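Enquirer: Please find one structure pasted underneath; my questions will follow.
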Amino acid sequence: MVTLIHLIYCSAAVQPMQESELRELLVKARAKNARLGITGMLLYENGSFFQVLEGTAVVVDRLFDEISQDVRHTKVSTIIREPIAKRAFGEWTMGYSSVSQQELDELIGLNDFFSKGSSFTEITPGRAKKLLAAFREGRWRTKVKYTLSPDLGADAKKLVMQPATMMTPKVSFSFQPVINVANGTVKAYEAILCGQHNEAFPDILPQIGDIEWSYFDTNCRAIAISMAAKLGLSCDLHLSFIARRVEDAQAAISASLEAAEKNGIEPSRIVLQIDQDKLIGEREQFAKIIEEYRGSGLRISIDHFGSGLASLNLLALLRPEMISLDAQLVQDIDKNGPRQAIVLGLKQTCTDLGIDMMAKNIETLGEFKWFVDEEVELLQGNYIASPAFEQLPSPNIPLA
Amino acid sequence: MVSEAIFPDFSFAFQPIVNIATGSIISFEALVRGYRNDPASQIFQQVEQVNLYQFDELLRLKAISLAAKLGLGCHLNLNLFSKALLASQTAISSTLAMADSVGISRESITIEVTESEIIDDIDEFAESINQYRSAGIGIAIDDFGAGYSGLNLLADFQPDSIKIDMSLIRCIDSRGPRQAIVRGIIRTCRDLGIDIIAEGVETKKEYLWCYEEGIELFQGYFFAKPAFERLPVAFYPND
């Protein structure tokens, strides 16, 4: 499978570059990139470079190695290197823009950063993602002169679906909303496994062996997806993913993607919630499997973050799109100093890495208010709405 | 009392922990070595597992007495297998008694425990370590961020200081994810009033990144290498 990645880095010019020097650099880069099938863009502002390289992993890594050696710049920092579903700058062999301070200041989410006189070399992954998103939305695209890139059909990625032997579990689902308090919308519904008569999950869980478990787990998600589609789901869908064996993860993810497609739900609307503590096997192996599927657009969330084995290092290793805080951290957070300090530290790390933070199990007004005040935007819990059997319930509280 | 006959000969190297803001050494960490400066791993190979905790206790006693002989004028950081705390009744009292007898104040001793050892049983650990604390001794978590735990460890137990693991510090100036992790650690520790020490700092770039994020306490080759049976001077990059 060809993995498409983007690599974003920033660096500082050893000495200020003249327009003519930059032009020469770009002409060379474009010719080379066209040959290598690399696309991307380059920002230059006041001695700082910010560059996005897109292409197949091997080629991008090799090119970045060469770029790092270039004596014309220093402080080369990799901000993000990760697989992507598709190119954001597919039509450019190397877009270029020289940005004014004012334009940087106007970027949503970056204002505070650039207005403090910071430069690209101090940028963090979260901010890099915002900057990249601003480019995707076209804010500066019109300013950029570009040449057409080579045909990219070759690395268009097709997922191989693995059919799973179906056994039909006698299960059903409740759904609980996740709200975004920043814009007052229901962001997603989590599908919560229960019995066909709304029995709690542990009561219906039969003694299932590890191999049968994989089918059970996979089929449950297929049922959840089809039920959510029938209920008219118009937002994201959060699904639990409990692989007991790492080697089952691949088939499980494929099957979920297939079920989503069959039911007309785009993969990008599916968030797989992984309970890291329940996963047996090597984290590195698991990380690799996730990386392979990241290209499909499906998102990963680490559940129960902050309990047991889930560590900060895991964020760098798995690069989830989202984490949800462990119930222990959420409980009584409005009255517990250490929990507040920990959540704020995690939030700092997540912001820098461009990872969304979500708080689940919110039971009280006090907990709810604390998260709203600290601008944790994605919230879920009985205080907002209890899970409803085979329904997509509305929140109990007015959304701003 | 601990019998010494069954253990290999050993001694110590000392490496300073510096405060950049004041340009001074705040503590020396005692690092076990062979009597000819052989690495620590070689020494521990010669100690049988059953005697490990006894040995651990003996190490602290010797480190305190050697540091006193060398004229220690600041704090002293000592390592501890946290399991030794539970295995030996005298692990704490003997350390305190030795400090008293050589005239090193209890308040100037800091005990370092690694993160991965603590999480096995945090409640039991917290209870036994608090005996040290009530005697005035400081507690540091070593190798912070290296293990499977992390910030959540601090929910149940707040040490006086943490030492950010060198695997996070290495090349931090050019690694976005490491920067993000360390920023999170800094944020939480500040809120909880926990001192942060960047350990294993080897280059000016690593130092500068940490310094610019507000870290003031450092340990590593960039400032001073461990010196065998000596209390070495440190290099201060800001001078």
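In the structure tokens, the first chain shown is A, the next is B, and so on; residue numbers restart at 1 for each chain, and ligands run from 1 in the order shown.
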Please extract the residues of region 183-229 of chain B with a backbone DSSP assignment of strand (DSSP E or B) and present them as an MDAnalysis selection string.
Expert: chainID B and resid 195:198 217:218 227:228
Enquirer: Residues as selected, N, CA, C and O atoms, written as a PDB file, in the first residue's frame, can you do that?
Expert:
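This is the output file out.pdb:
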ATOM      1  N   ASP B 195       8.538  21.712  41.129  1.00  0.00           N
ATOM      2  CA  ASP B 195       9.710  22.170  40.380  1.00  0.00           C
ATOM      3  C   ASP B 195       9.997  21.236  39.209  1.00  0.00           C
ATOM      4  O   ASP B 195       9.804  20.035  39.308  1.00  0.00           O
ATOM      5  N   ILE B 196      10.503  21.819  38.118  1.00  0.00           N
ATOM      6  CA  ILE B 196      10.815  21.025  36.929  1.00  0.00           C
ATOM      7  C   ILE B 196      12.312  21.058  36.667  1.00  0.00           C
ATOM      8  O   ILE B 196      12.911  22.132  36.596  1.00  0.00           O
ATOM      9  N   ILE B 197      12.900  19.883  36.533  1.00  0.00           N
ATOM     10  CA  ILE B 197      14.321  19.788  36.188  1.00  0.00           C
ATOM     11  C   ILE B 197      14.422  19.105  34.832  1.00  0.00           C
ATOM     12  O   ILE B 197      13.825  18.050  34.616  1.00  0.00           O
ATOM     13  N   ALA B 198      15.138  19.722  33.901  1.00  0.00           N
ATOM     14  CA  ALA B 198      15.388  19.068  32.616  1.00  0.00           C
ATOM     15  C   ALA B 198      16.680  18.280  32.772  1.00  0.00           C
ATOM     16  O   ALA B 198      17.726  18.862  33.042  1.00  0.00           O
ATOM     17  N   LEU B 217      15.861  24.814  36.156  1.00  0.00           N
ATOM     18  CA  LEU B 217      16.723  23.809  36.780  1.00  0.00           C
ATOM     19  C   LEU B 217      17.165  22.777  35.743  1.00  0.00           C
ATOM     20  O   LEU B 217      16.338  22.236  35.002  1.00  0.00           O
ATOM     21  N   PHE B 218      18.471  22.545  35.702  1.00  0.00           N
ATOM     22  CA  PHE B 218      19.020  21.679  34.656  1.00  0.00           C
ATOM     23  C   PHE B 218      20.055  20.707  35.200  1.00  0.00           C
ATOM     24  O   PHE B 218      20.763  21.001  36.170  1.00  0.00           O
ATOM     25  N   ALA B 227      31.395  13.627  38.108  1.00  0.00           N
ATOM     26  CA  ALA B 227      32.816  13.550  38.448  1.00  0.00           C
ATOM     27  C   ALA B 227      32.998  12.500  39.544  1.00  0.00           C
ATOM     28  O   ALA B 227      32.254  12.484  40.532  1.00  0.00           O
ATOM     29  N   PHE B 228      33.971  11.643  39.348  1.00  0.00           N
ATOM     30  CA  PHE B 228      34.174  10.525  40.261  1.00  0.00           C
ATOM     31  C   PHE B 228      34.750  11.009  41.594  1.00  0.00           C
ATOM     32  O   PHE B 228      35.795  11.648  41.633  1.00  0.00           O
TER      33      PHE B 228
END
Enquirer: Wanna dump the chain A-chain B contacts at 10 Å for me, each residue with its shortest atom pair and the distance in Å to one decimal, counting only C-alpha atoms, ordered by chain and number, as JSON lines?
Expert:
{"residue": "A:Tyr9", "atom": "CA", "partner": "B:Gly176", "partner_atom": "CA", "distance": 9.2}
{"residue": "A:Cys10", "atom": "CA", "partner": "B:Ser174", "partner_atom": "CA", "distance": 9.5}
{"residue": "A:Ser11", "atom": "CA", "partner": "B:Ser174", "partner_atom": "CA", "distance": 9.6}
{"residue": "A:Lys75", "atom": "CA", "partner": "B:Ser174", "partner_atom": "CA", "distance": 7.1}
{"residue": "A:Val76", "atom": "CA", "partner": "B:Ser174", "partner_atom": "CA", "distance": 6.4}
{"residue": "A:Ser77", "atom": "CA", "partner": "B:Ser174", "partner_atom": "CA", "distance": 4.1}
{"residue": "A:Thr78", "atom": "CA", "partner": "B:Arg175", "partner_atom": "CA", "distance": 5.9}
{"residue": "A:Ile79", "atom": "CA", "partner": "B:Gly176", "partner_atom": "CA", "distance": 4.8}
{"residue": "A:Ile80", "atom": "CA", "partner": "B:Gly176", "partner_atom": "CA", "distance": 7.1}
{"residue": "A:Arg81", "atom": "CA", "partner": "B:Gly176", "partner_atom": "CA", "distance": 9.8}
{"residue": "A:Thr121", "atom": "CA", "partner": "B:Ser174", "partner_atom": "CA", "distance": 9.4}
{"residue": "A:Glu122", "atom": "CA", "partner": "B:Gly176", "partner_atom": "CA", "distance": 9.5}
{"residue": "A:Ile123", "atom": "CA", "partner": "B:Gly176", "partner_atom": "CA", "distance": 8.5}
{"residue": "A:Thr124", "atom": "CA", "partner": "B:Gly176", "partner_atom": "CA", "distance": 6.2}
{"residue": "A:Pro125", "atom": "CA", "partner": "B:Gly176", "partner_atom": "CA", "distance": 6.4}
{"residue": "A:Gly126", "atom": "CA", "partner": "B:Ala180", "partner_atom": "CA", "distance": 9.1}
{"residue": "A:Phe305", "atom": "CA", "partner": "B:Asn152", "partner_atom": "CA", "distance": 9.0}
{"residue": "A:Gly306", "atom": "CA", "partner": "B:Asn152", "partner_atom": "CA", "distance": 5.3}
{"residue": "A:Ser307", "atom": "CA", "partner": "B:Asn152", "partner_atom": "CA", "distance": 6.7}
{"residue": "A:Gly308", "atom": "CA", "partner": "B:Ser149", "partner_atom": "CA", "distance": 6.9}
{"residue": "A:Leu309", "atom": "CA", "partner": "B:Tyr148", "partner_atom": "CA", "distance": 5.2}
{"residue": "A:Ala310", "atom": "CA", "partner": "B:Ser149", "partner_atom": "CA", "distance": 6.6}
{"residue": "A:Ser311", "atom": "CA", "partner": "B:Ser149", "partner_atom": "CA", "distance": 5.1}
{"residue": "A:Leu312", "atom": "CA", "partner": "B:Gly150", "partner_atom": "CA", "distance": 6.1}
{"residue": "A:Asn313", "atom": "CA", "partner": "B:Gly145", "partner_atom": "CA", "distance": 7.1}
{"residue": "A:Leu314", "atom": "CA", "partner": "B:Tyr148", "partner_atom": "CA", "distance": 8.4}
{"residue": "A:Leu315", "atom": "CA", "partner": "B:Pro177", "partner_atom": "CA", "distance": 8.3}
{"residue": "A:Ala316", "atom": "CA", "partner": "B:Pro177", "partner_atom": "CA", "distance": 5.7}
{"residue": "A:Leu317", "atom": "CA", "partner": "B:Pro177", "partner_atom": "CA", "distance": 9.1}
{"residue": "A:Arg319", "atom": "CA", "partner": "B:Pro177", "partner_atom": "CA", "distance": 9.4}
{"residue": "A:Asp326", "atom": "CA", "partner": "B:Asn152", "partner_atom": "CA", "distance": 9.9}
{"residue": "A:Gln328", "atom": "CA", "partner": "B:Ala155", "partner_atom": "CA", "distance": 9.7}
{"residue": "A:Leu329", "atom": "CA", "partner": "B:Asn152", "partner_atom": "CA", "distance": 8.3}
{"residue": "A:Asn336", "atom": "CA", "partner": "B:Ala155", "partner_atom": "CA", "distance": 9.1}
{"residue": "A:Gly337", "atom": "CA", "partner": "B:Leu192", "partner_atom": "CA", "distance": 7.8}
{"residue": "A:Pro338", "atom": "CA", "partner": "B:Ala155", "partner_atom": "CA", "distance": 5.2}
{"residue": "A:Arg339", "atom": "CA", "partner": "B:Ala155", "partner_atom": "CA", "distance": 5.9}
{"residue": "A:Gln340", "atom": "CA", "partner": "B:Thr188", "partner_atom": "CA", "distance": 8.5}
{"residue": "A:Ala341", "atom": "CA", "partner": "B:Thr188", "partner_atom": "CA", "distance": 4.8}
{"residue": "A:Ile342", "atom": "CA", "partner": "B:Thr188", "partner_atom": "CA", "distance": 5.3}
{"residue": "A:Val343", "atom": "CA", "partner": "B:Thr188", "partner_atom": "CA", "distance": 7.9}
{"residue": "A:Leu344", "atom": "CA", "partner": "B:Thr188", "partner_atom": "CA", "distance": 6.5}
{"residue": "A:Gly345", "atom": "CA", "partner": "B:Gly184", "partner_atom": "CA", "distance": 4.1}
{"residue": "A:Leu346", "atom": "CA", "partner": "B:Gly184", "partner_atom": "CA", "distance": 5.5}
{"residue": "A:Lys347", "atom": "CA", "partner": "B:Gly184", "partner_atom": "CA", "distance": 7.2}
{"residue": "A:Gln348", "atom": "CA", "partner": "B:Gly184", "partner_atom": "CA", "distance": 5.0}
{"residue": "A:Thr349", "atom": "CA", "partner": "B:Gly184", "partner_atom": "CA", "distance": 4.7}
{"residue": "A:Cys350", "atom": "CA", "partner": "B:Ala180", "partner_atom": "CA", "distance": 7.5}
{"residue": "A:Thr351", "atom": "CA", "partner": "B:Ala180", "partner_atom": "CA", "distance": 8.1}
{"residue": "A:Asp352", "atom": "CA", "partner": "B:Ala180", "partner_atom": "CA", "distance": 5.3}
{"residue": "A:Leu353", "atom": "CA", "partner": "B:Ala180", "partner_atom": "CA", "distance": 6.3}
{"residue": "A:Gly354", "atom": "CA", "partner": "B:Ala180", "partner_atom": "CA", "distance": 9.8}
Enquirer: Just want the 7 Å neighbourhood of region 22-32 of chain B, counted on only C-alpha atoms, with same-chain residues fewer than 3 positions away dropped. Output as a PyMOL selection string.
Expert: chain B and resi 10-19+40+63+74-78+236
Enquirer: Selected residues, C-alpha atoms, written as a PDB file, in the first residue's frame, please.
Expert:
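Produced file out25.pdb, reproduced below:
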ATOM      1  CA  PHE B  10      31.563   0.708  44.883  1.00  0.00           C
ATOM      2  CA  SER B  11      31.852   4.442  45.068  1.00  0.00           C
ATOM      3  CA  PHE B  12      30.098   7.476  43.633  1.00  0.00           C
ATOM      4  CA  ALA B  13      30.263  10.099  40.959  1.00  0.00           C
ATOM      5  CA  PHE B  14      28.461  13.387  41.561  1.00  0.00           C
ATOM      6  CA  GLN B  15      26.645  15.434  38.945  1.00  0.00           C
ATOM      7  CA  PRO B  16      25.316  18.895  39.696  1.00  0.00           C
ATOM      8  CA  ILE B  17      21.794  20.187  39.205  1.00  0.00           C
ATOM      9  CA  VAL B  18      22.074  23.883  38.401  1.00  0.00           C
ATOM     10  CA  ASN B  19      19.745  26.808  38.777  1.00  0.00           C
ATOM     11  CA  ALA B  40      26.544   1.490  37.511  1.00  0.00           C
ATOM     12  CA  ALA B  63      26.584   8.418  49.329  1.00  0.00           C
ATOM     13  CA  CYS B  74      23.981  22.286  48.862  1.00  0.00           C
ATOM     14  CA  HIS B  75      21.318  19.607  48.431  1.00  0.00           C
ATOM     15  CA  LEU B  76      21.988  15.941  47.730  1.00  0.00           C
ATOM     16  CA  ASN B  77      19.832  13.827  45.387  1.00  0.00           C
ATOM     17  CA  LEU B  78      19.738  10.115  46.139  1.00  0.00           C
ATOM     18  CA  TYR B 236      26.621  28.464  33.110  1.00  0.00           C
TER      19      TYR B 236
END
Enquirer: As a list in words, please: the residues near region 356-365 of chain A (cut-off 6 Å, only C-alpha atoms, same-chain neighbours under 6 positions excluded).
Expert: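 So the residues in contact are Met322, Ile323, Ser324, Leu325, Ala327, Leu378, Leu379, Gln380, Gly381, Asn382 and Tyr383 of chain A.
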Enquirer: Find the residue from B:Asp9, B:Glu124, B:Asp160, B:Glu216 that sits nearest to Ser82 (chain B); use only C-alpha atoms when measuring.
Expert: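 Checking each candidate against Ser82 (chain B), we get B:Glu124 as the closest.
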Enquirer: Which residues, written as a PDB file with N, CA, C and O atoms, in the first residue's frame, have at least one atom at most 10 Å from Val59 (chain A), with only C-alpha atoms counted and residues fewer than 6 positions away on the same chain left out?
Expert:
ATOM      1  N   LEU A   4       0.503   7.973   1.493  1.00  0.00           N
ATOM      2  CA  LEU A   4       0.652   9.390   1.179  1.00  0.00           C
ATOM      3  C   LEU A   4       0.813  10.143   2.500  1.00  0.00           C
ATOM      4  O   LEU A   4       0.061   9.907   3.431  1.00  0.00           O
ATOM      5  N   ILE A   5       1.803  10.993   2.582  1.00  0.00           N
ATOM      6  CA  ILE A   5       1.978  11.735   3.826  1.00  0.00           C
ATOM      7  C   ILE A   5       2.132  13.232   3.546  1.00  0.00           C
ATOM      8  O   ILE A   5       2.384  13.628   2.407  1.00  0.00           O
ATOM      9  N   ASN A  33      10.357  18.776  -7.759  1.00  0.00           N
ATOM     10  CA  ASN A  33       9.143  18.232  -7.187  1.00  0.00           C
ATOM     11  C   ASN A  33       8.257  17.578  -8.243  1.00  0.00           C
ATOM     12  O   ASN A  33       7.625  16.558  -7.985  1.00  0.00           O
ATOM     13  N   LEU A  36       9.516  14.232  -8.814  1.00  0.00           N
ATOM     14  CA  LEU A  36       9.344  13.305  -7.685  1.00  0.00           C
ATOM     15  C   LEU A  36       7.878  13.078  -7.306  1.00  0.00           C
ATOM     16  O   LEU A  36       7.569  12.258  -6.451  1.00  0.00           O
ATOM     17  N   GLY A  37       6.985  13.835  -7.922  1.00  0.00           N
ATOM     18  CA  GLY A  37       5.573  13.720  -7.537  1.00  0.00           C
ATOM     19  C   GLY A  37       5.279  14.359  -6.196  1.00  0.00           C
ATOM     20  O   GLY A  37       4.404  13.934  -5.461  1.00  0.00           O
ATOM     21  N   ILE A  38       6.054  15.403  -5.889  1.00  0.00           N
ATOM     22  CA  ILE A  38       5.850  16.108  -4.620  1.00  0.00           C
ATOM     23  C   ILE A  38       5.020  17.371  -4.864  1.00  0.00           C
ATOM     24  O   ILE A  38       5.246  18.083  -5.843  1.00  0.00           O
ATOM     25  N   LEU A  53       5.237  19.642   2.550  1.00  0.00           N
ATOM     26  CA  LEU A  53       5.603  18.720   1.482  1.00  0.00           C
ATOM     27  C   LEU A  53       4.595  17.581   1.484  1.00  0.00           C
ATOM     28  O   LEU A  53       4.326  16.993   2.521  1.00  0.00           O
ATOM     29  N   ASP A  65      15.254  15.042   4.107  1.00  0.00           N
ATOM     30  CA  ASP A  65      16.652  14.847   4.529  1.00  0.00           C
ATOM     31  C   ASP A  65      17.575  15.810   3.800  1.00  0.00           C
ATOM     32  O   ASP A  65      18.421  16.461   4.401  1.00  0.00           O
TER      33      ASP A  65
END
Enquirer: Got a sec to tell me which of region 273-376 of chain A DSSP assigns to alpha helix (DSSP H), as a PyMOL selection string?
Expert: chain A and resi 283-294+312-318+327-330+337-353+365-373
Enquirer: Take CA of Asp100 (chain B) and CA of Gln131 (chain B) and report the distance between them in Å, one decimal.
Expert: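 CA of Asp100 (chain B) sits 16.2 Å away from CA of Gln131 (chain B).
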